[in-house]
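Participant: Input: one structure, supplied below.
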Amino acid sequence: MNEVAGGSLPRSDSSVAMESSPPSSSTSSPPPSPSDGPRRLTVTQLEQLKVEEEVFEIYRILRGIAPHTQSFMLELWRDTHIEFLTRGLGLLGPSYHVLDANRPWLCYWIIHSIALLGEPLHSELEDSVVEFLSHCEDKYGGYGGGPGQMPHLATTYAAVNTLVTLGSDMALSSINRANLLKFLLRMKDSSGAFRMHDGGEIDVRACYTAISVASILNVLDVELVKDLGNYILSCQTYEGGIAGEPGSEAHGGYTFCGLAAMILINEADRLDLPSLVDWVASRQGVECGFQGRVNKLVDGCYSFWQASVACNKSCNFTTGETGLDGNLCGAGTSHAKIEGGLSDFGFSFMEKQTECGPLFQSIALQQYILLCSQVLEGGFKDKPGKQRDFYHSCYCLSGLSVSQYSCSKDASVPPPTRAVLGPYANLLESVHPLYNVVLNKYYKSHEFFSCL
Ligand SMILES: CC(C)=CCC/C(C)=C/CC/C(C)=C/COP(=O)(O)OP(=O)(O)O
Ligand SMILES: [Zn+2]
């Protein structure tokens, strides 16, 4: 069995673990005491200790909130976030190779975050991002991770969402939609699912990214949709959530992808929605944040992946609430309907009146994001003890926005003050929960693409 020296635990970490015991974890093996000498722990014991320390740290932060310090601690540090994000955009130039296969993702994480914060971009910067992304566009359609790289569905989704977020005519018209459709059709597998790239893996993420871009660009057609619902259905597990592929474990990221894709093709009612709802609602822990799957730690990024499924808009589907027209929102799987305006399910999703509230504790989630994920020097992280990054900044801010609007019937109307934790100035722009783009940017692109 693998062993590691217990003495190698950083002192600061072990002192945190020993201040008091974590609230509910079972401590089968006590932390090493200095008098024990160089005691050796198994990898499992060490992992258990690390988990307890991380959970304890979250509790320490949440318990530390005294009423008189709340408004200070619960502030969204807007300016430092904007500074951190804007500096990040500057790193995208040709000399930045660290995430070389993920550059459209960096564009999306940063530019979407800036848009959520309501901060405009300089038009020169905007144009340079459009130009950069055009170098990532493959001559046969789709976007690669960087100039000259093979097209990939994930980076195609990131590039398209970035261009929609930039929103200028130059940005929107830079996308070669005809070629993009050809690329999507090439990624379509005979099973009905999609693969991420030529010869690449087939999973629910590929299905979502393909359908999301087809829908937002108004190129969704019957061929793209054929048998897709059957594949996604085969990924819903006995737990209720959706896995990445048939036979795997339900996971928050894939549950978002699966449900959003099913709503966009108007087949959500084929899923076992009551068990999906149960599964998602049970993923919000006593730490206030969401975990991605059973028995795992909470993580700030699931504030979007899970909360967007449990938000009131999605609840229209998941709880069988009715829309204005009296029909079950999203019900019906007929392809005749699809031919009559497939791309607009993303649009009608936002138009439906929402009568139900969210299926999660929205104030508690905002507490986790602001207190445990927010880095006061700018940016967001998974949990205390981790480093900030652009991915977590994007999904913590997206989750914060979903939470703030999660009681609103109409996401284009500002929510009441009681729905926003901390000062009302914390309020972010609202997002379209199926595409994760800022709502007014979505509407602008919808107008642009629906005329084409
Ligand atoms: C649009 C798009 C491409 C969406 C992808 C959604 C998706 C699958 C997100 C999950 C990403 C993630 C944090 C995985 C971690 O798994 P882990 O096993 O390291 O973490 P865990 O312990 O929290 O499960
Ligand atoms: Zn994460």
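In the structure tokens, chains take the letters A, B, ... in the order shown, each chain's residues start at 1, and ligands count up from 1 in the order shown.
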Using only C-alpha atoms, which residues sit within 7 Å of region 288-300 of chain A once same-chain residues fewer than 2 positions away are excluded, as an MDAnalysis selection string?
Facilitator: chainID A and resid 250:252 283:286 302:303 306 364:365 368:369 373 381:383 392 396
Participant: Between CA of Cys372 (chain A) and CA of Val437 (chain A), what is the spacing in Å?
Facilitator: 24.3 Å
Participant: Within 7 Å of Ala159 (chain A), counting only C-alpha atoms, which residues qualify if same-chain residues fewer than 3 places away don't, as number ranges by chain?
Facilitator: A: 104, 108, 133, 143, 155-156, 162-163
Participant: Go through A:Thr209, A:Thr80, A:Asn176, A:Gln387 and flag the residue nearest ligand 2, using only C-alpha atoms and all ligand atoms for the distances.
Facilitator: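 Using only C-alpha atoms and all ligand atoms, the shortest distance to ligand 2 belongs to A:Gln387.
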Participant: If you count only C-alpha atoms, which residues fall within 10 Å of Ile175 (chain A), apart from same-chain ones fewer than 4 positions away, as a VMD selection string?
Facilitator: chain A and resid 130 133 to 134 137 141 to 143 159 to 160 163 to 164 170 to 171 179 to 180 217
Participant: Would you export the selected residues with C-alpha atoms as a compact mmCIF listing (two decimals), in the first residue's frame, please?
Facilitator:
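Everything below was put into result-v7.txt:
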# COMPACT_ATOMS: atom_id res chain seq x y z
CA VAL A 130 -12.72 39.05 -32.72
CA LEU A 133 -10.90 34.14 -32.67
CA SER A 134 -11.10 34.37 -36.44
CA GLU A 137 -11.73 29.29 -36.89
CA GLY A 141 -15.96 25.19 -39.76
CA GLY A 142 -15.69 25.24 -35.97
CA TYR A 143 -13.03 26.71 -33.71
CA ALA A 159 -15.66 31.08 -29.14
CA VAL A 160 -19.33 31.46 -30.10
CA LEU A 163 -18.60 36.54 -29.82
CA VAL A 164 -22.23 36.69 -28.68
CA MET A 170 -18.38 42.61 -36.53
CA ALA A 171 -18.26 39.94 -33.80
CA ASN A 179 -19.37 25.96 -42.20
CA LEU A 180 -20.15 25.68 -38.52
CA LEU A 217 -26.76 30.73 -34.12
Participant: Counting only C-alpha atoms, which of A:Phe390, A:Trp77, A:Tyr231, A:Tyr238 gets nearest to Leu117 (chain A)?
Facilitator: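 Answer, going by the shortest atom-to-atom distance: A:Trp77.
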Participant: Mind checking which residues fall within 10 Å of Asp127 (chain A), counting only C-alpha atoms, ignoring those fewer than 4 positions away in the same chain, and posting them as a VMD selection string?
Facilitator: chain A and resid 121 to 123 131 to 133 166 168 170 to 171
Participant: Those residues you just picked out, can you put them in a file as a compact mmCIF listing (two decimals), in the first residue's frame with N, CA and C atoms?
Facilitator:
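Okay, this is what ended up in out.txt:
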# COMPACT_ATOMS: atom_id res chain seq x y z
N LEU A 121 -16.16 46.72 -22.53
CA LEU A 121 -14.77 46.52 -22.99
C LEU A 121 -14.44 47.64 -23.97
N HIS A 122 -13.17 48.02 -24.01
CA HIS A 122 -12.77 49.01 -25.01
C HIS A 122 -12.96 48.41 -26.39
N SER A 123 -13.42 49.24 -27.34
CA SER A 123 -13.73 48.68 -28.66
C SER A 123 -12.48 48.10 -29.35
N GLU A 131 -10.64 39.36 -33.89
CA GLU A 131 -9.60 38.98 -34.86
C GLU A 131 -8.88 37.71 -34.41
N PHE A 132 -8.56 37.67 -33.11
CA PHE A 132 -7.88 36.48 -32.59
C PHE A 132 -8.73 35.22 -32.83
N LEU A 133 -10.04 35.32 -32.52
CA LEU A 133 -10.90 34.14 -32.67
C LEU A 133 -11.04 33.74 -34.14
N LEU A 166 -19.54 39.68 -26.91
CA LEU A 166 -18.99 40.95 -27.43
C LEU A 166 -20.12 41.72 -28.13
N SER A 168 -20.97 42.94 -31.05
CA SER A 168 -20.97 43.90 -32.17
C SER A 168 -21.32 43.15 -33.46
N MET A 170 -19.64 43.21 -36.05
CA MET A 170 -18.38 42.61 -36.53
C MET A 170 -18.16 41.25 -35.86
N ALA A 171 -18.45 41.21 -34.55
CA ALA A 171 -18.26 39.94 -33.80
C ALA A 171 -19.24 38.88 -34.30
Participant: Return as a tab-separated table (two decimals) with C-alpha atoms, in the first residue's frame the full set of residues in region 34-175 of chain A whose backbone-based DSSP assignment is alpha helix (DSSP H).
Facilitator:
chain	number	residue	atom	x	y	z
A	43	VAL	CA	-2.86	7.84	1.31
A	44	THR	CA	-6.50	7.25	2.30
A	45	GLN	CA	-5.90	8.58	5.83
A	46	LEU	CA	-4.10	11.60	4.47
A	47	GLU	CA	-6.91	12.31	2.01
A	48	GLN	CA	-9.45	11.99	4.83
A	49	LEU	CA	-7.48	14.52	6.89
A	50	LYS	CA	-7.28	16.90	3.96
A	51	VAL	CA	-11.04	16.66	3.38
A	52	GLU	CA	-11.71	17.36	7.07
A	53	GLU	CA	-9.38	20.35	7.01
A	54	GLU	CA	-11.06	21.78	3.93
A	55	VAL	CA	-14.57	21.31	5.33
A	56	PHE	CA	-13.45	22.76	8.65
A	57	GLU	CA	-11.95	25.82	6.97
A	58	ILE	CA	-15.28	26.52	5.23
A	59	TYR	CA	-17.13	26.25	8.55
A	60	ARG	CA	-14.61	28.51	10.25
A	61	ILE	CA	-15.26	31.20	7.64
A	62	LEU	CA	-19.05	30.85	7.72
A	63	ARG	CA	-19.19	30.79	11.55
A	70	GLN	CA	-21.70	41.25	7.47
A	71	SER	CA	-22.11	44.10	5.05
A	72	PHE	CA	-18.35	44.53	4.76
A	73	MET	CA	-17.64	40.84	4.36
A	78	ARG	CA	-16.15	44.48	-8.20
A	79	ASP	CA	-13.12	46.66	-8.96
A	80	THR	CA	-10.53	44.09	-7.98
A	81	HIS	CA	-12.37	41.45	-10.04
A	82	ILE	CA	-12.43	43.72	-13.08
A	83	GLU	CA	-8.73	44.44	-12.63
A	84	PHE	CA	-7.84	40.75	-12.30
A	85	LEU	CA	-9.94	39.82	-15.34
A	86	THR	CA	-8.72	42.65	-17.54
A	87	ARG	CA	-5.12	41.77	-16.73
A	88	GLY	CA	-5.96	38.19	-17.73
A	89	LEU	CA	-7.15	39.29	-21.15
A	90	GLY	CA	-3.77	40.90	-21.75
A	103	ARG	CA	-7.49	30.15	-25.58
A	104	PRO	CA	-11.13	30.60	-26.70
A	105	TRP	CA	-12.07	29.34	-23.22
A	106	LEU	CA	-9.92	32.00	-21.61
A	107	CYS	CA	-11.64	34.59	-23.82
A	108	TYR	CA	-15.06	33.32	-22.73
A	109	TRP	CA	-14.34	32.93	-19.01
A	110	ILE	CA	-12.88	36.44	-18.83
A	111	ILE	CA	-15.17	38.33	-21.21
A	112	HIS	CA	-18.33	36.71	-19.85
A	113	SER	CA	-17.22	37.55	-16.30
A	114	ILE	CA	-16.56	41.16	-17.24
A	115	ALA	CA	-20.00	41.34	-18.91
A	116	LEU	CA	-21.65	39.90	-15.78
A	123	SER	CA	-13.73	48.68	-28.66
A	124	GLU	CA	-10.08	48.13	-29.67
A	125	LEU	CA	-9.81	45.23	-27.25
A	126	GLU	CA	-13.10	43.87	-28.51
A	127	ASP	CA	-11.91	43.98	-32.11
A	128	SER	CA	-8.64	42.31	-31.26
A	129	VAL	CA	-10.51	39.40	-29.61
A	130	VAL	CA	-12.72	39.05	-32.72
A	131	GLU	CA	-9.60	38.98	-34.86
A	132	PHE	CA	-7.88	36.48	-32.59
A	133	LEU	CA	-10.90	34.14	-32.67
A	134	SER	CA	-11.10	34.37	-36.44
A	135	HIS	CA	-7.57	32.88	-36.50
A	136	CYS	CA	-8.89	29.97	-34.41
A	153	LEU	CA	-16.77	21.41	-29.89
A	154	ALA	CA	-15.77	22.80	-26.49
A	155	THR	CA	-13.65	25.60	-27.94
A	156	THR	CA	-16.31	26.21	-30.59
A	157	TYR	CA	-18.85	26.77	-27.79
A	158	ALA	CA	-16.40	29.07	-25.98
A	159	ALA	CA	-15.66	31.08	-29.14
A	160	VAL	CA	-19.33	31.46	-30.10
A	161	ASN	CA	-20.36	32.50	-26.58
A	162	THR	CA	-17.50	35.01	-26.52
A	163	LEU	CA	-18.60	36.54	-29.82
A	164	VAL	CA	-22.23	36.69	-28.68
A	165	THR	CA	-21.05	38.41	-25.50
A	166	LEU	CA	-18.99	40.95	-27.43
A	169	ASP	CA	-22.04	43.28	-35.77
A	170	MET	CA	-18.38	42.61	-36.53
A	171	ALA	CA	-18.26	39.94	-33.80
A	172	LEU	CA	-21.55	38.27	-34.77
A	173	SER	CA	-20.94	38.34	-38.50
Participant: Which residue, A:Cys451, A:Ile265, A:Cys394, A:Ala260, has the smallest gap to ligand 2 when you use only C-alpha atoms and all ligand atoms?
Facilitator: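 Comparing A:Cys451, A:Ile265, A:Cys394, A:Ala260 against ligand 2, the winner is A:Cys394.
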Participant: Nearest to ligand 2: which of A:Cys301, A:Leu428, A:Ile202, A:Leu233 is it, counting only C-alpha atoms and all ligand atoms?
Facilitator: A:Cys301
Participant: Which residues, written as a VMD selection string, have at least one atom at most 12 Å from Leu259 (chain A), with only C-alpha atoms counted and residues fewer than 6 positions away on the same chain left out?
Facilitator: chain A and resid 204 to 205 207 to 208 211 to 212 229 232 to 233 235 to 236 240 to 243 251 to 253 265 to 273 276 to 277 280 305 to 306 308 to 310 314 to 315 317 to 318 330 433 to 435
Participant: For ligand 2, which residue among A:Glu447, A:Lys352, A:Phe304, A:Ala193 is the nearest when counting only C-alpha atoms and all ligand atoms?
Facilitator: A:Phe304
Participant: With only C-alpha atoms and all ligand atoms as the basis for distance, which of A:Gly199, A:Gly146, A:Gly357, A:Gly244 is at the shortest distance from ligand 1?
Facilitator: A:Gly244
Participant: To one decimal place, how far is CA of Ser450 (chain A) from CA of Gly167 (chain A) in Å?
Facilitator: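 Here the two named atoms are 14.4 Å from each other.
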Participant: Rounded to one decimal in Å, what is the spacing between CA of Glu201 (chain A) and CA of Asn218 (chain A)?
Facilitator: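 Rounded to one decimal, the two atoms are 25.4 Å apart.
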